[in-house]
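Scroll down for the structure; my scribbles are underneath it.
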Amino acid sequence: MLDMSKTAPGADDAITTDALIIGAGPVGLFTVFELGLLDIRAHLIDILPKVGGQCAELYPEKPIYDIPGFPIVTGQGLVDNLMQQIEPFHPTFHLGEMVEGVETLGTPEAPLFKVTTDAGKTFMAKTVLIAAGGGSFQPKKPPIPGIDDYDGSSVFYAVRRMEDFRDRSILIVGGGDSALDWTLNLQPIAKRVTLMHRRDEFRAAPHSVEQMRALVAEGKMDLVLGQVTGLKGEGGNLAGAVCRANDNSTFEVACDRMLPFFGLTMKLGPIADWGLNLAENLIPVDTEKFETSMPGIFAVGDINTYPGKLKLILSGFHEGALAAQKVHRYVYPEKKLLFQYTTSSSSLQKKLGVNA
Amino acid sequence: MPKITFIDHTGEARTVEGETGATVMETAIRHGVPGIDAECGGACACATCHVYVDDAWLAATGTPSSMEEDMLDFAFDVRPNSRLSCQIRVTAEVDGLVVSTPERQA
């Protein structure tokens, strides 16, 4: 489980960049390489606190069999190799941040975008490459009737400020590290902490589970087995949770704060509000430049769509290479782009720091 | 080929033919059966192919592995007959299998 807490927004000065890549999955990472060969430096933003996207979050240990040249490579292995491959181009990563707004400042011929994140950062980017895969990883909301009424007032999916939970009766739901870590961290300052999980086995680190069980034994918190089926309260103020035990009996837990930890799901997120043409939550692009309906904004990898699109990592690599060619025209309008091979071009090899 | 019946949360049943060796999740996706998202594509990493196995078929489909149990923690309205359909293999033994899909996967 991930800690989705973020640093407080600050008044950072705008970061200027030629290329801003949204999403640090395999395709975003390889696009750094293709841009780098064309002397374009990139900044990358990802909502996860680590690079690799789905490869690192969903299947780090699973083998992938269709990466050209690698009969077998794990998700994490591929990410590690990509990080090594793009090292010569020193990309700057902004992790644990979500892009909120994209504002067009330039013209179609000379694009410029103001991009803001939920951590308060502002970027001035000549080009934006959306490599957001299946969207941003966000906490799953349990389908409890009426839960949205309490969202942000009594029900939270992350702890931004522990003080907000002081002297509260907190119901924490889940059995992973997030649930256990916050149980242990909030127990000393809460009025009462109740941990609810559907079974008496926990995925969390054994040490945390032991600590939790010790607190229960001392009577300092409660552990309840079951699932939340309904909420009670008024005007966004939670009063209690209606729960179902594993023997199908119903009971209630009095609480004024609830923290459900059900892992992450992928949501398109704010991309839908940037004014791009969308087709069923995907971004249509051309197949020459992989540019969107807005000149200077590109979409590569699983997030884009075009006739014949295949959601394969290798397709995303190709798309990044072609998009980089058009990015070059925006960033260096005066320069002629020479097509070169890394095997034979001494200038490319110099950029890669090999054969110097 | 083994037949599998999916009953959605409104009670509508769809019976499709599964390929031996494939998973129940793959069978649903291949036939466009609604109610199964399979966000992770079958890696037992997302719990969005959650189904309830009909009581008559519990013995034939077996019990979830500990990894599957861990992933079921991310599903909602988990019941004793809850399974992830990416972890159930289509075999001759499950010809006629009936599973229900929940109202929402994620």
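In the structure tokens, chains take the letters A, B, ... in the order shown, each chain's residues start at 1, and ligands count up from 1 in the order shown.
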TODO: Please determine the contact residues of chain B with respect to chain A at a cut-off of 9 Å, counting only C-alpha atoms, and supply them as an NGL selection string.
DONE: :B and (39-40 or 43-46 or 70 or 73-80 or 104-106)
May I have the residues from that selection written out with N, CA, C and O atoms, as a short mmCIF file (atom, residue, chain, number, x, y, z; two decimals), in the first residue's frame?
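Result file result-v3.cif:
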```cif
data_model
loop_
_atom_site.label_atom_id
_atom_site.label_comp_id
_atom_site.auth_asym_id
_atom_site.auth_seq_id
_atom_site.Cartn_x
_atom_site.Cartn_y
_atom_site.Cartn_z
N GLU B 39 -8.83 -4.97 -14.54
CA GLU B 39 -7.94 -3.83 -14.77
C GLU B 39 -6.49 -4.25 -14.99
O GLU B 39 -5.80 -3.65 -15.81
N CYS B 40 -6.01 -5.24 -14.25
CA CYS B 40 -4.58 -5.58 -14.33
C CYS B 40 -4.31 -6.63 -15.40
O CYS B 40 -3.17 -7.00 -15.62
N ALA B 43 -3.18 -10.49 -13.63
CA ALA B 43 -1.96 -10.69 -12.85
C ALA B 43 -2.26 -10.94 -11.37
O ALA B 43 -1.34 -10.98 -10.57
N CYS B 44 -3.52 -11.11 -11.01
CA CYS B 44 -3.93 -11.23 -9.61
C CYS B 44 -3.41 -10.02 -8.83
O CYS B 44 -2.77 -10.15 -7.79
N ALA B 45 -3.64 -8.83 -9.39
CA ALA B 45 -3.06 -7.63 -8.80
C ALA B 45 -4.07 -6.49 -8.66
O ALA B 45 -3.67 -5.37 -8.42
N CYS B 46 -5.37 -6.75 -8.83
CA CYS B 46 -6.26 -5.60 -8.77
C CYS B 46 -7.64 -5.88 -8.15
O CYS B 46 -8.30 -4.96 -7.72
N ASP B 70 -5.25 -12.20 -0.26
CA ASP B 70 -4.71 -10.85 -0.04
C ASP B 70 -5.36 -9.86 -1.01
O ASP B 70 -5.72 -8.75 -0.63
N ASP B 73 -8.89 -8.67 -0.33
CA ASP B 73 -9.02 -7.57 0.65
C ASP B 73 -9.36 -6.26 -0.06
O ASP B 73 -9.90 -5.34 0.55
N PHE B 74 -8.99 -6.15 -1.33
CA PHE B 74 -9.25 -4.91 -2.07
C PHE B 74 -10.61 -4.91 -2.74
O PHE B 74 -11.02 -3.94 -3.36
N ALA B 75 -11.30 -6.03 -2.67
CA ALA B 75 -12.64 -6.11 -3.27
C ALA B 75 -13.68 -5.65 -2.25
O ALA B 75 -13.38 -5.49 -1.07
N PHE B 76 -14.90 -5.41 -2.72
CA PHE B 76 -15.96 -4.96 -1.83
C PHE B 76 -17.03 -6.04 -1.72
O PHE B 76 -17.22 -6.82 -2.63
N ASP B 77 -17.73 -6.04 -0.58
CA ASP B 77 -18.77 -7.03 -0.33
C ASP B 77 -18.24 -8.44 -0.57
O ASP B 77 -18.78 -9.21 -1.36
N VAL B 78 -17.15 -8.74 0.12
CA VAL B 78 -16.54 -10.06 -0.02
C VAL B 78 -17.34 -11.06 0.81
O VAL B 78 -17.71 -10.78 1.94
N ARG B 79 -17.64 -12.19 0.19
CA ARG B 79 -18.43 -13.23 0.86
C ARG B 79 -17.64 -14.54 0.87
O ARG B 79 -16.61 -14.64 0.19
N PRO B 80 -18.13 -15.52 1.62
CA PRO B 80 -17.38 -16.78 1.69
C PRO B 80 -17.14 -17.43 0.32
O PRO B 80 -16.17 -18.15 0.14
N ARG B 104 -20.53 -3.62 -8.43
CA ARG B 104 -19.41 -2.74 -8.82
C ARG B 104 -18.10 -3.44 -8.53
O ARG B 104 -17.97 -4.12 -7.52
N GLN B 105 -17.13 -3.27 -9.42
CA GLN B 105 -15.85 -3.91 -9.19
C GLN B 105 -14.88 -3.03 -8.42
O GLN B 105 -14.11 -3.52 -7.61
N ALA B 106 -14.88 -1.74 -8.70
CA ALA B 106 -13.89 -0.88 -8.02
C ALA B 106 -14.43 0.53 -7.89
O ALA B 106 -15.34 0.91 -8.59
#
```
Task: Long-range neighbours of stretch 150-161 of chain A as an MDAnalysis selection string, 10 Å cut-off, only C-alpha atoms, 6 positions minimum in chain - done: chainID A and resid 2:8 138:141 170:172 178 182 186 231:239 255:263
- [ ] Using DSSP on the backbone coordinates, identify the residues of stretch 7-72 of chain A assigned to alpha helix (DSSP H); present them as a PyMOL selection string.
- [x] chain A and resi 26-37+53-57
Include N, CA, C and O atoms and write out the residues we just selected as a CSV table (one decimal), in the first residue's frame.
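Listing of selection.csv after writing:
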```
chain,number,residue,atom,x,y,z
A,26,PRO,N,6.8,2.9,-18.1
A,26,PRO,CA,7.9,2.5,-19.1
A,26,PRO,C,7.9,3.5,-20.3
A,26,PRO,O,9.0,3.8,-20.8
A,27,VAL,N,6.7,3.9,-20.8
A,27,VAL,CA,6.7,4.7,-22.0
A,27,VAL,C,7.2,6.1,-21.7
A,27,VAL,O,8.0,6.7,-22.5
A,28,GLY,N,6.8,6.7,-20.6
A,28,GLY,CA,7.3,8.0,-20.2
A,28,GLY,C,8.8,8.0,-20.0
A,28,GLY,O,9.5,8.9,-20.5
A,29,LEU,N,9.3,6.9,-19.4
A,29,LEU,CA,10.8,6.8,-19.2
A,29,LEU,C,11.5,6.7,-20.5
A,29,LEU,O,12.5,7.4,-20.7
A,30,PHE,N,11.0,5.8,-21.4
A,30,PHE,CA,11.7,5.7,-22.7
A,30,PHE,C,11.6,7.0,-23.6
A,30,PHE,O,12.5,7.3,-24.3
A,31,THR,N,10.6,7.7,-23.4
A,31,THR,CA,10.4,9.0,-24.1
A,31,THR,C,11.5,9.9,-23.7
A,31,THR,O,12.0,10.7,-24.5
A,32,VAL,N,12.0,9.9,-22.5
A,32,VAL,CA,13.1,10.7,-22.0
A,32,VAL,C,14.3,10.4,-22.9
A,32,VAL,O,15.1,11.3,-23.3
A,33,PHE,N,14.5,9.1,-23.2
A,33,PHE,CA,15.7,8.7,-24.0
A,33,PHE,C,15.6,9.3,-25.4
A,33,PHE,O,16.5,9.9,-25.9
A,34,GLU,N,14.4,9.1,-26.0
A,34,GLU,CA,14.3,9.6,-27.4
A,34,GLU,C,14.4,11.1,-27.5
A,34,GLU,O,14.9,11.7,-28.4
A,35,LEU,N,13.9,11.8,-26.5
A,35,LEU,CA,14.0,13.3,-26.4
A,35,LEU,C,15.5,13.6,-26.2
A,35,LEU,O,16.0,14.6,-26.8
A,36,GLY,N,16.1,12.9,-25.3
A,36,GLY,CA,17.5,13.2,-24.9
A,36,GLY,C,18.4,13.1,-26.1
A,36,GLY,O,19.3,14.0,-26.3
A,37,LEU,N,18.2,12.1,-27.0
A,37,LEU,CA,19.0,12.0,-28.2
A,37,LEU,C,18.9,13.3,-29.1
A,37,LEU,O,19.8,13.6,-29.9
A,53,GLY,N,5.3,3.2,-13.0
A,53,GLY,CA,3.9,3.1,-13.3
A,53,GLY,C,3.3,1.7,-13.0
A,53,GLY,O,3.7,1.1,-11.9
A,54,GLN,N,2.5,1.2,-13.8
A,54,GLN,CA,1.8,-0.1,-13.6
A,54,GLN,C,2.9,-1.2,-13.4
A,54,GLN,O,2.7,-2.2,-12.6
A,55,CYS,N,4.0,-1.2,-14.2
A,55,CYS,CA,5.0,-2.2,-14.1
A,55,CYS,C,5.5,-2.3,-12.7
A,55,CYS,O,5.8,-3.4,-12.2
A,56,ALA,N,5.7,-1.2,-12.0
A,56,ALA,CA,6.2,-1.2,-10.6
A,56,ALA,C,5.1,-1.4,-9.6
A,56,ALA,O,5.4,-2.0,-8.5
A,57,GLU,N,3.9,-0.9,-9.9
A,57,GLU,CA,2.9,-0.9,-8.9
A,57,GLU,C,2.0,-2.1,-8.9
A,57,GLU,O,1.7,-2.7,-7.9
```
Identify, on the basis of only C-alpha atoms, every residue whose closest approach to A:Phe165 does not exceed 7 Å; exclude the query and any residue fewer than 3 positions from it along the same chain; express the result as a compact mmCIF listing (two decimals) with all heavy atoms, in the first residue's frame.
```txt
# COMPACT_ATOMS: atom_id res chain seq x y z
N MET A 162 -2.05 14.82 10.74
CA MET A 162 -2.50 13.95 11.83
C MET A 162 -3.38 14.70 12.83
O MET A 162 -4.30 14.13 13.41
CB MET A 162 -1.28 13.35 12.55
CG MET A 162 -0.71 12.16 11.80
SD MET A 162 0.75 11.45 12.57
CE MET A 162 0.13 10.95 14.16
N ARG A 168 -10.50 12.13 17.95
CA ARG A 168 -11.61 11.62 17.14
C ARG A 168 -11.78 10.12 17.38
O ARG A 168 -10.82 9.42 17.74
CB ARG A 168 -11.34 11.84 15.65
CG ARG A 168 -11.27 13.30 15.26
CD ARG A 168 -12.64 13.91 15.36
NE ARG A 168 -12.64 15.34 14.99
CZ ARG A 168 -13.75 16.07 14.97
NH1 ARG A 168 -14.91 15.54 15.29
NH2 ARG A 168 -13.70 17.34 14.64
N ALA A 190 -5.79 9.66 19.09
CA ALA A 190 -7.24 9.54 18.85
C ALA A 190 -7.97 9.31 20.17
O ALA A 190 -7.39 8.87 21.16
CB ALA A 190 -7.52 8.39 17.90
```
Give me the residues within 6 Å of stretch 76-81 of chain A as a PDB file with all heavy atoms, in the first residue's frame, counting only C-alpha atoms and dropping any in the same chain fewer than 3 places off.
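Result went into result_27.pdb, see below:
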```
ATOM      1  N   GLY A  52       7.942   3.885 -12.685  1.00  0.00           N
ATOM      2  CA  GLY A  52       7.624   2.562 -13.219  1.00  0.00           C
ATOM      3  C   GLY A  52       6.152   2.326 -13.520  1.00  0.00           C
ATOM      4  O   GLY A  52       5.810   1.369 -14.197  1.00  0.00           O
ATOM      5  N   ALA A  56       5.679  -1.187 -11.992  1.00  0.00           N
ATOM      6  CA  ALA A  56       6.225  -1.208 -10.635  1.00  0.00           C
ATOM      7  C   ALA A  56       5.135  -1.386  -9.585  1.00  0.00           C
ATOM      8  O   ALA A  56       5.369  -1.976  -8.540  1.00  0.00           O
ATOM      9  CB  ALA A  56       7.005   0.083 -10.373  1.00  0.00           C
ATOM     10  N   PRO A  60       5.380  -5.845 -10.330  1.00  0.00           N
ATOM     11  CA  PRO A  60       6.846  -5.770 -10.315  1.00  0.00           C
ATOM     12  C   PRO A  60       7.521  -7.133 -10.487  1.00  0.00           C
ATOM     13  O   PRO A  60       8.593  -7.227 -11.087  1.00  0.00           O
ATOM     14  CB  PRO A  60       7.169  -5.165  -8.946  1.00  0.00           C
ATOM     15  CG  PRO A  60       5.943  -5.359  -8.117  1.00  0.00           C
ATOM     16  CD  PRO A  60       4.796  -5.330  -9.078  1.00  0.00           C
ATOM     17  N   VAL A  73      11.444 -10.589 -18.924  1.00  0.00           N
ATOM     18  CA  VAL A  73      11.914  -9.535 -18.019  1.00  0.00           C
ATOM     19  C   VAL A  73      10.760  -9.223 -17.078  1.00  0.00           C
ATOM     20  O   VAL A  73       9.596  -9.250 -17.482  1.00  0.00           O
ATOM     21  CB  VAL A  73      12.386  -8.287 -18.802  1.00  0.00           C
ATOM     22  CG1 VAL A  73      11.245  -7.655 -19.592  1.00  0.00           C
ATOM     23  CG2 VAL A  73      13.004  -7.240 -17.879  1.00  0.00           C
ATOM     24  N   GLN A  84      18.371   3.000 -16.109  1.00  0.00           N
ATOM     25  CA  GLN A  84      19.799   2.986 -16.458  1.00  0.00           C
ATOM     26  C   GLN A  84      20.003   3.578 -17.850  1.00  0.00           C
ATOM     27  O   GLN A  84      20.930   4.347 -18.087  1.00  0.00           O
ATOM     28  CB  GLN A  84      20.293   1.538 -16.401  1.00  0.00           C
ATOM     29  CG  GLN A  84      21.799   1.392 -16.462  1.00  0.00           C
ATOM     30  CD  GLN A  84      22.194  -0.080 -16.567  1.00  0.00           C
ATOM     31  OE1 GLN A  84      21.451  -0.970 -16.133  1.00  0.00           O
ATOM     32  NE2 GLN A  84      23.355  -0.330 -17.154  1.00  0.00           N
TER      33      GLN A  84
END
```
Open item on the list: Can you pull out every residue from chain B that DSSP, working from the backbone, puts in strand (DSSP E or B), and format the result as a PyMOL selection string?
Closed with: chain B and resi 3-7+13-17+23+50-53+82-84+89+97-100
